[in-house]
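File shown here: start-v1.cif, holding mmCIF, N, CA and C atoms.
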```
data_work
loop_
_atom_site.label_atom_id
_atom_site.label_comp_id
_atom_site.auth_asym_id
_atom_site.auth_seq_id
_atom_site.Cartn_x
_atom_site.Cartn_y
_atom_site.Cartn_z
N MET A 1 83.50 96.74 103.50
CA MET A 1 84.91 96.91 103.80
C MET A 1 85.29 98.39 103.90
N CYS A 2 84.79 99.19 102.96
CA CYS A 2 85.11 100.62 102.95
C CYS A 2 84.54 101.32 104.18
N VAL A 3 83.30 100.99 104.51
CA VAL A 3 82.67 101.57 105.70
C VAL A 3 83.44 101.14 106.95
N LEU A 4 83.79 99.88 107.01
CA LEU A 4 84.52 99.35 108.16
C LEU A 4 85.86 100.07 108.34
N ALA A 5 86.59 100.28 107.26
CA ALA A 5 87.89 100.96 107.35
C ALA A 5 87.73 102.38 107.87
N CYS A 6 86.77 103.10 107.33
CA CYS A 6 86.58 104.50 107.74
C CYS A 6 86.15 104.60 109.20
N PHE A 7 85.20 103.77 109.58
CA PHE A 7 84.72 103.85 110.95
C PHE A 7 85.69 103.22 111.95
N ALA A 8 86.56 102.33 111.49
CA ALA A 8 87.62 101.82 112.37
C ALA A 8 88.60 102.95 112.71
N ALA A 9 88.94 103.76 111.72
CA ALA A 9 89.80 104.92 111.98
C ALA A 9 89.11 105.87 112.94
N GLY A 10 87.81 106.08 112.74
CA GLY A 10 87.05 106.92 113.65
C GLY A 10 87.04 106.36 115.06
N ALA A 11 86.91 105.04 115.17
CA ALA A 11 86.90 104.40 116.49
C ALA A 11 88.25 104.55 117.18
N LEU A 12 89.34 104.43 116.43
CA LEU A 12 90.66 104.63 117.03
C LEU A 12 90.81 106.05 117.57
N GLY A 13 90.32 107.00 116.80
CA GLY A 13 90.33 108.39 117.26
C GLY A 13 89.43 108.58 118.46
N ALA A 14 88.30 107.91 118.48
CA ALA A 14 87.36 108.03 119.60
C ALA A 14 87.95 107.48 120.89
N ILE A 15 88.72 106.42 120.78
CA ILE A 15 89.38 105.87 121.97
C ILE A 15 90.29 106.93 122.59
N ALA A 16 91.03 107.62 121.75
CA ALA A 16 91.93 108.67 122.24
C ALA A 16 91.16 109.87 122.77
N SER A 17 89.93 110.02 122.31
CA SER A 17 89.12 111.20 122.65
C SER A 17 88.14 110.95 123.78
N VAL A 18 88.33 109.88 124.51
CA VAL A 18 87.38 109.53 125.56
C VAL A 18 87.19 110.67 126.57
N ASP A 19 88.24 111.39 126.87
CA ASP A 19 88.16 112.51 127.80
C ASP A 19 88.12 113.86 127.08
N ALA A 20 87.89 113.84 125.79
CA ALA A 20 87.93 115.06 124.98
C ALA A 20 86.96 116.14 125.45
N PRO A 21 85.70 115.81 125.77
CA PRO A 21 84.80 116.89 126.20
C PRO A 21 85.30 117.63 127.43
N THR A 22 85.85 116.91 128.39
CA THR A 22 86.38 117.54 129.61
C THR A 22 87.60 118.39 129.27
N PHE A 23 88.52 117.82 128.50
CA PHE A 23 89.74 118.54 128.13
C PHE A 23 89.40 119.77 127.28
N TYR A 24 88.51 119.60 126.31
CA TYR A 24 88.11 120.70 125.43
C TYR A 24 87.47 121.83 126.24
N ALA A 25 86.70 121.47 127.25
CA ALA A 25 86.05 122.48 128.10
C ALA A 25 87.08 123.31 128.88
N GLU A 26 88.22 122.72 129.19
CA GLU A 26 89.27 123.41 129.94
C GLU A 26 90.06 124.40 129.09
N LEU A 27 90.00 124.23 127.79
CA LEU A 27 90.82 125.05 126.90
C LEU A 27 90.25 126.46 126.72
N GLU A 28 91.15 127.40 126.58
CA GLU A 28 90.79 128.75 126.17
C GLU A 28 90.53 128.66 124.67
N LYS A 29 89.29 128.99 124.26
CA LYS A 29 88.90 128.78 122.87
C LYS A 29 88.61 130.11 122.16
N PRO A 30 88.86 130.15 120.86
CA PRO A 30 88.51 131.34 120.08
C PRO A 30 86.99 131.39 119.88
N SER A 31 86.51 132.54 119.45
CA SER A 31 85.06 132.71 119.25
C SER A 31 84.50 131.78 118.18
N PHE A 32 85.33 131.35 117.24
CA PHE A 32 84.84 130.50 116.15
C PHE A 32 84.89 129.01 116.49
N ALA A 33 85.31 128.65 117.69
CA ALA A 33 85.39 127.24 118.07
C ALA A 33 83.99 126.67 118.27
N PRO A 34 83.69 125.56 117.62
CA PRO A 34 82.36 124.97 117.81
C PRO A 34 82.25 124.31 119.19
N PRO A 35 81.03 124.13 119.68
CA PRO A 35 80.87 123.41 120.94
C PRO A 35 81.25 121.94 120.74
N ALA A 36 81.64 121.29 121.81
CA ALA A 36 82.08 119.89 121.74
C ALA A 36 81.03 118.98 121.12
N SER A 37 79.77 119.29 121.30
CA SER A 37 78.68 118.45 120.79
C SER A 37 78.60 118.42 119.27
N VAL A 38 79.28 119.32 118.59
CA VAL A 38 79.25 119.38 117.13
C VAL A 38 80.16 118.32 116.50
N PHE A 39 81.24 117.98 117.17
CA PHE A 39 82.27 117.14 116.55
C PHE A 39 81.78 115.73 116.19
N GLY A 40 81.06 115.08 117.07
CA GLY A 40 80.58 113.72 116.79
C GLY A 40 79.72 113.63 115.55
N PRO A 41 78.66 114.43 115.44
CA PRO A 41 77.83 114.36 114.23
C PRO A 41 78.58 114.74 112.95
N VAL A 42 79.46 115.74 113.05
CA VAL A 42 80.22 116.14 111.86
C VAL A 42 81.12 115.00 111.40
N TRP A 43 81.85 114.39 112.33
CA TRP A 43 82.75 113.31 111.95
C TRP A 43 81.99 112.09 111.44
N THR A 44 80.82 111.82 112.00
CA THR A 44 80.02 110.70 111.49
C THR A 44 79.64 110.94 110.03
N ALA A 45 79.19 112.14 109.73
CA ALA A 45 78.84 112.46 108.34
C ALA A 45 80.06 112.39 107.43
N LEU A 46 81.21 112.90 107.91
CA LEU A 46 82.42 112.89 107.09
C LEU A 46 82.92 111.47 106.84
N TYR A 47 82.93 110.63 107.87
CA TYR A 47 83.37 109.24 107.68
C TYR A 47 82.43 108.49 106.73
N THR A 48 81.15 108.80 106.78
CA THR A 48 80.20 108.18 105.86
C THR A 48 80.50 108.60 104.42
N ALA A 49 80.72 109.89 104.21
CA ALA A 49 81.06 110.39 102.87
C ALA A 49 82.38 109.79 102.39
N MET A 50 83.34 109.69 103.29
CA MET A 50 84.63 109.10 102.92
C MET A 50 84.47 107.65 102.49
N ALA A 51 83.61 106.91 103.20
CA ALA A 51 83.38 105.50 102.87
C ALA A 51 82.75 105.37 101.48
N VAL A 52 81.79 106.21 101.18
CA VAL A 52 81.16 106.18 99.85
C VAL A 52 82.20 106.56 98.79
N ALA A 53 83.02 107.55 99.09
CA ALA A 53 84.05 107.98 98.13
C ALA A 53 85.03 106.86 97.82
N VAL A 54 85.57 106.24 98.85
CA VAL A 54 86.57 105.19 98.61
C VAL A 54 85.92 103.97 97.94
N TRP A 55 84.69 103.68 98.29
CA TRP A 55 83.97 102.59 97.63
C TRP A 55 83.79 102.88 96.14
N SER A 56 83.49 104.13 95.80
CA SER A 56 83.33 104.53 94.40
C SER A 56 84.62 104.33 93.62
N VAL A 57 85.73 104.68 94.22
CA VAL A 57 87.02 104.51 93.56
C VAL A 57 87.39 103.03 93.47
N TRP A 58 87.14 102.30 94.53
CA TRP A 58 87.46 100.87 94.55
C TRP A 58 86.71 100.13 93.44
N ARG A 59 85.48 100.55 93.19
CA ARG A 59 84.66 99.91 92.16
C ARG A 59 84.97 100.41 90.75
N ALA A 60 85.60 101.55 90.63
CA ALA A 60 85.83 102.15 89.30
C ALA A 60 86.79 101.28 88.48
N PRO A 61 86.44 101.03 87.22
CA PRO A 61 87.33 100.21 86.39
C PRO A 61 88.67 100.90 86.12
N GLN A 62 88.70 102.22 86.15
CA GLN A 62 89.93 102.95 85.87
C GLN A 62 90.61 103.44 87.15
N ARG A 63 90.39 102.74 88.25
CA ARG A 63 91.01 103.21 89.50
C ARG A 63 92.53 103.24 89.36
N ARG A 64 93.11 104.17 90.01
CA ARG A 64 94.55 104.38 89.93
C ARG A 64 95.26 103.64 91.07
N ALA A 65 96.45 103.20 90.79
CA ALA A 65 97.21 102.43 91.78
C ALA A 65 97.51 103.24 93.03
N ARG A 66 97.66 104.55 92.89
CA ARG A 66 98.00 105.39 94.05
C ARG A 66 96.81 105.77 94.91
N ALA A 67 95.62 105.75 94.34
CA ALA A 67 94.45 106.31 95.04
C ALA A 67 94.12 105.58 96.34
N LEU A 68 94.06 104.28 96.31
CA LEU A 68 93.66 103.54 97.51
C LEU A 68 94.73 103.54 98.60
N PRO A 69 96.01 103.32 98.28
CA PRO A 69 97.03 103.44 99.33
C PRO A 69 97.12 104.86 99.92
N LEU A 70 96.91 105.85 99.09
CA LEU A 70 96.91 107.23 99.57
C LEU A 70 95.74 107.48 100.52
N PHE A 71 94.59 106.94 100.17
CA PHE A 71 93.43 107.05 101.06
C PHE A 71 93.74 106.39 102.40
N ALA A 72 94.33 105.21 102.37
CA ALA A 72 94.68 104.50 103.61
C ALA A 72 95.67 105.32 104.45
N ALA A 73 96.62 105.94 103.79
CA ALA A 73 97.61 106.75 104.52
C ALA A 73 96.96 107.94 105.19
N GLN A 74 96.08 108.65 104.48
CA GLN A 74 95.44 109.81 105.10
C GLN A 74 94.51 109.37 106.22
N LEU A 75 93.92 108.20 106.10
CA LEU A 75 93.04 107.68 107.15
C LEU A 75 93.84 107.39 108.43
N ALA A 76 95.03 106.84 108.27
CA ALA A 76 95.89 106.58 109.42
C ALA A 76 96.33 107.89 110.08
N VAL A 77 96.69 108.87 109.27
CA VAL A 77 97.09 110.17 109.80
C VAL A 77 95.90 110.82 110.51
N ASN A 78 94.72 110.66 109.95
CA ASN A 78 93.50 111.18 110.57
C ASN A 78 93.34 110.62 111.99
N ALA A 79 93.47 109.32 112.13
CA ALA A 79 93.29 108.67 113.44
C ALA A 79 94.36 109.12 114.44
N LEU A 80 95.56 109.38 113.97
CA LEU A 80 96.65 109.78 114.85
C LEU A 80 96.41 111.14 115.50
N TRP A 81 95.74 112.05 114.81
CA TRP A 81 95.57 113.40 115.34
C TRP A 81 94.91 113.40 116.72
N SER A 82 93.88 112.61 116.91
CA SER A 82 93.19 112.57 118.20
C SER A 82 94.12 112.13 119.32
N TRP A 83 95.01 111.22 119.02
CA TRP A 83 95.98 110.78 120.03
C TRP A 83 96.93 111.91 120.38
N LEU A 84 97.45 112.58 119.36
CA LEU A 84 98.39 113.68 119.60
C LEU A 84 97.74 114.80 120.40
N PHE A 85 96.53 115.17 120.05
CA PHE A 85 95.89 116.33 120.67
C PHE A 85 95.20 115.97 121.99
N PHE A 86 94.30 115.02 121.97
CA PHE A 86 93.47 114.74 123.15
C PHE A 86 94.12 113.80 124.15
N ALA A 87 94.81 112.77 123.70
CA ALA A 87 95.39 111.80 124.64
C ALA A 87 96.74 112.27 125.17
N TRP A 88 97.58 112.78 124.28
CA TRP A 88 98.95 113.11 124.68
C TRP A 88 99.18 114.61 124.86
N HIS A 89 98.21 115.44 124.49
CA HIS A 89 98.27 116.90 124.67
C HIS A 89 99.51 117.52 124.04
N LEU A 90 99.82 117.08 122.83
CA LEU A 90 100.98 117.56 122.09
C LEU A 90 100.52 118.53 121.00
N GLY A 91 100.32 119.78 121.38
CA GLY A 91 99.77 120.78 120.46
C GLY A 91 100.60 120.99 119.22
N ALA A 92 101.91 121.15 119.36
CA ALA A 92 102.76 121.39 118.20
C ALA A 92 102.75 120.20 117.25
N ALA A 93 102.84 119.00 117.79
CA ALA A 93 102.82 117.80 116.96
C ALA A 93 101.46 117.64 116.28
N ALA A 94 100.38 117.92 117.01
CA ALA A 94 99.04 117.83 116.43
C ALA A 94 98.88 118.83 115.29
N PHE A 95 99.42 120.03 115.46
CA PHE A 95 99.32 121.02 114.39
C PHE A 95 100.13 120.59 113.17
N ALA A 96 101.36 120.14 113.37
CA ALA A 96 102.18 119.69 112.24
C ALA A 96 101.51 118.51 111.53
N GLU A 97 100.95 117.62 112.31
CA GLU A 97 100.31 116.44 111.76
C GLU A 97 99.05 116.79 110.97
N ILE A 98 98.29 117.76 111.45
CA ILE A 98 97.06 118.12 110.73
C ILE A 98 97.38 118.87 109.43
N LEU A 99 98.51 119.58 109.39
CA LEU A 99 98.94 120.17 108.12
C LEU A 99 99.25 119.07 107.11
N LEU A 100 99.90 118.02 107.57
CA LEU A 100 100.16 116.86 106.71
C LEU A 100 98.83 116.26 106.24
N LEU A 101 97.86 116.18 107.15
CA LEU A 101 96.56 115.62 106.79
C LEU A 101 95.87 116.46 105.71
N VAL A 102 95.95 117.78 105.81
CA VAL A 102 95.36 118.65 104.78
C VAL A 102 95.96 118.31 103.41
N VAL A 103 97.27 118.18 103.36
CA VAL A 103 97.95 117.85 102.10
C VAL A 103 97.51 116.48 101.60
N LEU A 104 97.47 115.51 102.48
CA LEU A 104 97.10 114.15 102.07
C LEU A 104 95.65 114.07 101.59
N VAL A 105 94.74 114.77 102.26
CA VAL A 105 93.34 114.74 101.83
C VAL A 105 93.19 115.42 100.47
N ALA A 106 93.86 116.55 100.27
CA ALA A 106 93.80 117.23 98.97
C ALA A 106 94.38 116.33 97.87
N TRP A 107 95.49 115.71 98.15
CA TRP A 107 96.13 114.82 97.17
C TRP A 107 95.21 113.62 96.88
N THR A 108 94.60 113.07 97.93
CA THR A 108 93.68 111.95 97.75
C THR A 108 92.50 112.36 96.87
N ALA A 109 91.95 113.54 97.12
CA ALA A 109 90.84 114.02 96.31
C ALA A 109 91.24 114.15 94.84
N LEU A 110 92.45 114.64 94.59
CA LEU A 110 92.94 114.75 93.21
C LEU A 110 93.09 113.37 92.57
N GLU A 111 93.61 112.43 93.32
CA GLU A 111 93.75 111.06 92.79
C GLU A 111 92.38 110.42 92.56
N PHE A 112 91.45 110.66 93.49
CA PHE A 112 90.10 110.10 93.35
C PHE A 112 89.42 110.67 92.11
N ARG A 113 89.68 111.92 91.80
CA ARG A 113 89.03 112.57 90.64
C ARG A 113 89.36 111.85 89.34
N ARG A 114 90.49 111.23 89.29
CA ARG A 114 90.88 110.49 88.08
C ARG A 114 90.00 109.26 87.86
N SER A 115 89.43 108.75 88.96
CA SER A 115 88.56 107.58 88.87
C SER A 115 87.09 107.93 88.96
N SER A 116 86.78 108.94 89.78
CA SER A 116 85.37 109.26 90.02
C SER A 116 85.26 110.71 90.50
N ARG A 117 84.57 111.51 89.73
CA ARG A 117 84.35 112.91 90.15
C ARG A 117 83.51 112.96 91.42
N LEU A 118 82.57 112.03 91.53
CA LEU A 118 81.74 111.97 92.73
C LEU A 118 82.61 111.70 93.96
N ALA A 119 83.53 110.77 93.85
CA ALA A 119 84.41 110.44 94.98
C ALA A 119 85.22 111.66 95.40
N ALA A 120 85.74 112.38 94.43
CA ALA A 120 86.51 113.59 94.75
C ALA A 120 85.62 114.62 95.42
N ALA A 121 84.41 114.81 94.91
CA ALA A 121 83.49 115.79 95.48
C ALA A 121 83.10 115.41 96.91
N LEU A 122 82.98 114.13 97.18
CA LEU A 122 82.62 113.68 98.53
C LEU A 122 83.72 113.97 99.55
N LEU A 123 84.94 114.14 99.08
CA LEU A 123 86.05 114.45 99.99
C LEU A 123 86.18 115.95 100.27
N LEU A 124 85.51 116.79 99.51
CA LEU A 124 85.65 118.24 99.69
C LEU A 124 85.15 118.75 101.05
N PRO A 125 84.02 118.28 101.56
CA PRO A 125 83.64 118.71 102.92
C PRO A 125 84.67 118.27 103.97
N TYR A 126 85.21 117.09 103.79
CA TYR A 126 86.25 116.58 104.68
C TYR A 126 87.48 117.49 104.62
N LEU A 127 87.89 117.85 103.42
CA LEU A 127 89.03 118.74 103.26
C LEU A 127 88.76 120.09 103.93
N ALA A 128 87.57 120.62 103.74
CA ALA A 128 87.22 121.91 104.36
C ALA A 128 87.24 121.80 105.88
N TRP A 129 86.69 120.71 106.41
CA TRP A 129 86.66 120.53 107.87
C TRP A 129 88.08 120.38 108.43
N VAL A 130 88.91 119.63 107.75
CA VAL A 130 90.29 119.43 108.22
C VAL A 130 91.06 120.75 108.15
N ALA A 131 90.83 121.54 107.12
CA ALA A 131 91.49 122.85 107.03
C ALA A 131 91.02 123.74 108.19
N PHE A 132 89.72 123.73 108.47
CA PHE A 132 89.19 124.47 109.62
C PHE A 132 89.81 123.94 110.91
N ALA A 133 89.90 122.63 111.03
CA ALA A 133 90.48 122.01 112.24
C ALA A 133 91.95 122.39 112.39
N ALA A 134 92.64 122.59 111.29
CA ALA A 134 94.05 123.01 111.36
C ALA A 134 94.14 124.41 111.97
N VAL A 135 93.28 125.31 111.53
CA VAL A 135 93.25 126.66 112.10
C VAL A 135 92.89 126.60 113.58
N LEU A 136 91.90 125.79 113.90
CA LEU A 136 91.48 125.65 115.29
C LEU A 136 92.60 125.03 116.14
N THR A 137 93.26 124.03 115.61
CA THR A 137 94.38 123.40 116.34
C THR A 137 95.47 124.42 116.63
N TRP A 138 95.85 125.19 115.62
CA TRP A 138 96.86 126.24 115.80
C TRP A 138 96.43 127.20 116.90
N THR A 139 95.21 127.67 116.83
CA THR A 139 94.70 128.66 117.78
C THR A 139 94.65 128.09 119.19
N LEU A 140 94.17 126.88 119.33
CA LEU A 140 94.10 126.25 120.66
C LEU A 140 95.49 126.01 121.23
N TRP A 141 96.39 125.55 120.40
CA TRP A 141 97.76 125.29 120.85
C TRP A 141 98.41 126.58 121.35
N ARG A 142 98.28 127.63 120.59
CA ARG A 142 98.93 128.91 120.95
C ARG A 142 98.26 129.56 122.16
N ALA A 143 96.95 129.35 122.34
CA ALA A 143 96.22 129.98 123.46
C ALA A 143 96.33 129.19 124.75
N ASN A 144 96.84 127.97 124.68
CA ASN A 144 96.86 127.10 125.85
C ASN A 144 98.24 126.46 126.07
N PRO A 145 99.26 127.28 126.27
CA PRO A 145 100.61 126.71 126.38
C PRO A 145 100.78 125.78 127.57
N GLY A 146 100.02 125.95 128.61
CA GLY A 146 100.15 125.09 129.78
C GLY A 146 99.47 123.74 129.61
N LEU A 147 98.53 123.66 128.68
CA LEU A 147 97.78 122.41 128.48
C LEU A 147 98.19 121.68 127.23
N LEU A 148 98.69 122.40 126.25
CA LEU A 148 99.09 121.79 124.98
C LEU A 148 100.56 122.07 124.72
#
```
Full structure transcribed into structure tokens:
Amino acid sequence: MCVLACFAAGALGAIASVDAPTFYAELEKPSFAPPASVFGPVWTALYTAMAVAVWSVWRAPQRRARALPLFAAQLAVNALWSWLFFAWHLGAAAFAEILLLVVLVAWTALEFRRSSRLAAALLLPYLAWVAFAAVLTWTLWRANPGLL
């Protein structure tokens, strides 16, 4: 169930990102922007870690009432970003939304820590990637006013 939820969110984002490689290639990118081929493997690893993390909390006898709904909320916000950025080309909305995602992932990690230190640790690469993606989103949005 945990794996299914995480990869379902990834699939929703992938639907929105069907033309992402072409669109990403058109963008003026900063020197620190990774090539398009990096995103798929990174997200696969992150969704796998997220699934293990949420499974750990779900199984924990001391799981907190807020942890699982918070995880679900951040997962929904995660899936929305691809639609805002790649499908609808809404740079400002994508940037605002990814800032919300950074907050939600950090909060989720804190809630997960109450049930499982491992679960919280598994979310740290995700948090780092989303923070990096926020900087990249800002930079792409500002550098591409005609496209975003």
_So that I can check the surroundings of region 110-120 of chain A, please list as an MDAnalysis selection string every protein, DNA and RNA residue that reaches within 10 Å of it, counting only C-alpha atoms and ignoring chain neighbours fewer than 6 positions away._
chainID A and resid 49:68 70:71 104
*Evaluate the PyMOL selection byres ((chain A and resi 10-17) around 6.5) on the structure here and hand back the selected residues as number ranges by chain.*
A: 5-9, 18-21, 78-80, 82-83, 86-87
*Find the residue from A:Thr139, A:Gln74, A:Thr108, A:Thr44 that sits nearest to Phe32 (chain A); use only C-alpha atoms when measuring.*
A:Thr139
*d(atom C of Phe23 (chain A), atom C of Trp88 (chain A)) in Å*: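 Going from atom C of Phe23 (chain A) over to atom C of Trp88 (chain A) covers 11.3 Å.
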_One decimal, in Å: what's the spacing between CA of Ala96 (chain A) and CA of Leu27 (chain A)?_
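According to the coordinates, CA of Ala96 (chain A) and CA of Leu27 (chain A) are separated by 19.3 Å.
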*asked:* Under the rule that only C-alpha atoms are counted, which of A:Val38, A:Leu124, A:Val103, A:Leu140 is the nearest residue to Gly91 (chain A)?
replied: A:Leu140
*Report the distance between atom C of Leu148 (chain A) and atom C of Leu84 (chain A) in Å, rounded to one decimal place.*
8.9 Å
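With only C-alpha atoms as the basis for measurement, A:Ala106 is the residue among A:Ala33, A:Ala143, A:Ile98, A:Ala106 that approaches Leu122 (chain A) most closely.
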*Quick one: everything within 9 Å of Ala131 (chain A), counting only C-alpha atoms, minus sequence neighbours fewer than 6 positions away in the same chain. Send it as a PyMOL selection string.*
chain A and resi 98-99+101-102
Residue selection dump (N, CA and C atoms) as a PDB file, keeping the file's coordinate frame:
```
ATOM      1  N   ILE A  98      98.290 117.760 111.450  1.00  0.00           N
ATOM      2  CA  ILE A  98      97.060 118.120 110.730  1.00  0.00           C
ATOM      3  C   ILE A  98      97.380 118.870 109.430  1.00  0.00           C
ATOM      4  N   LEU A  99      98.510 119.580 109.390  1.00  0.00           N
ATOM      5  CA  LEU A  99      98.940 120.170 108.120  1.00  0.00           C
ATOM      6  C   LEU A  99      99.250 119.070 107.110  1.00  0.00           C
ATOM      7  N   LEU A 101      97.860 116.180 107.150  1.00  0.00           N
ATOM      8  CA  LEU A 101      96.560 115.620 106.790  1.00  0.00           C
ATOM      9  C   LEU A 101      95.870 116.460 105.710  1.00  0.00           C
ATOM     10  N   VAL A 102      95.950 117.780 105.810  1.00  0.00           N
ATOM     11  CA  VAL A 102      95.360 118.650 104.780  1.00  0.00           C
ATOM     12  C   VAL A 102      95.960 118.310 103.410  1.00  0.00           C
TER      13      VAL A 102
END
```
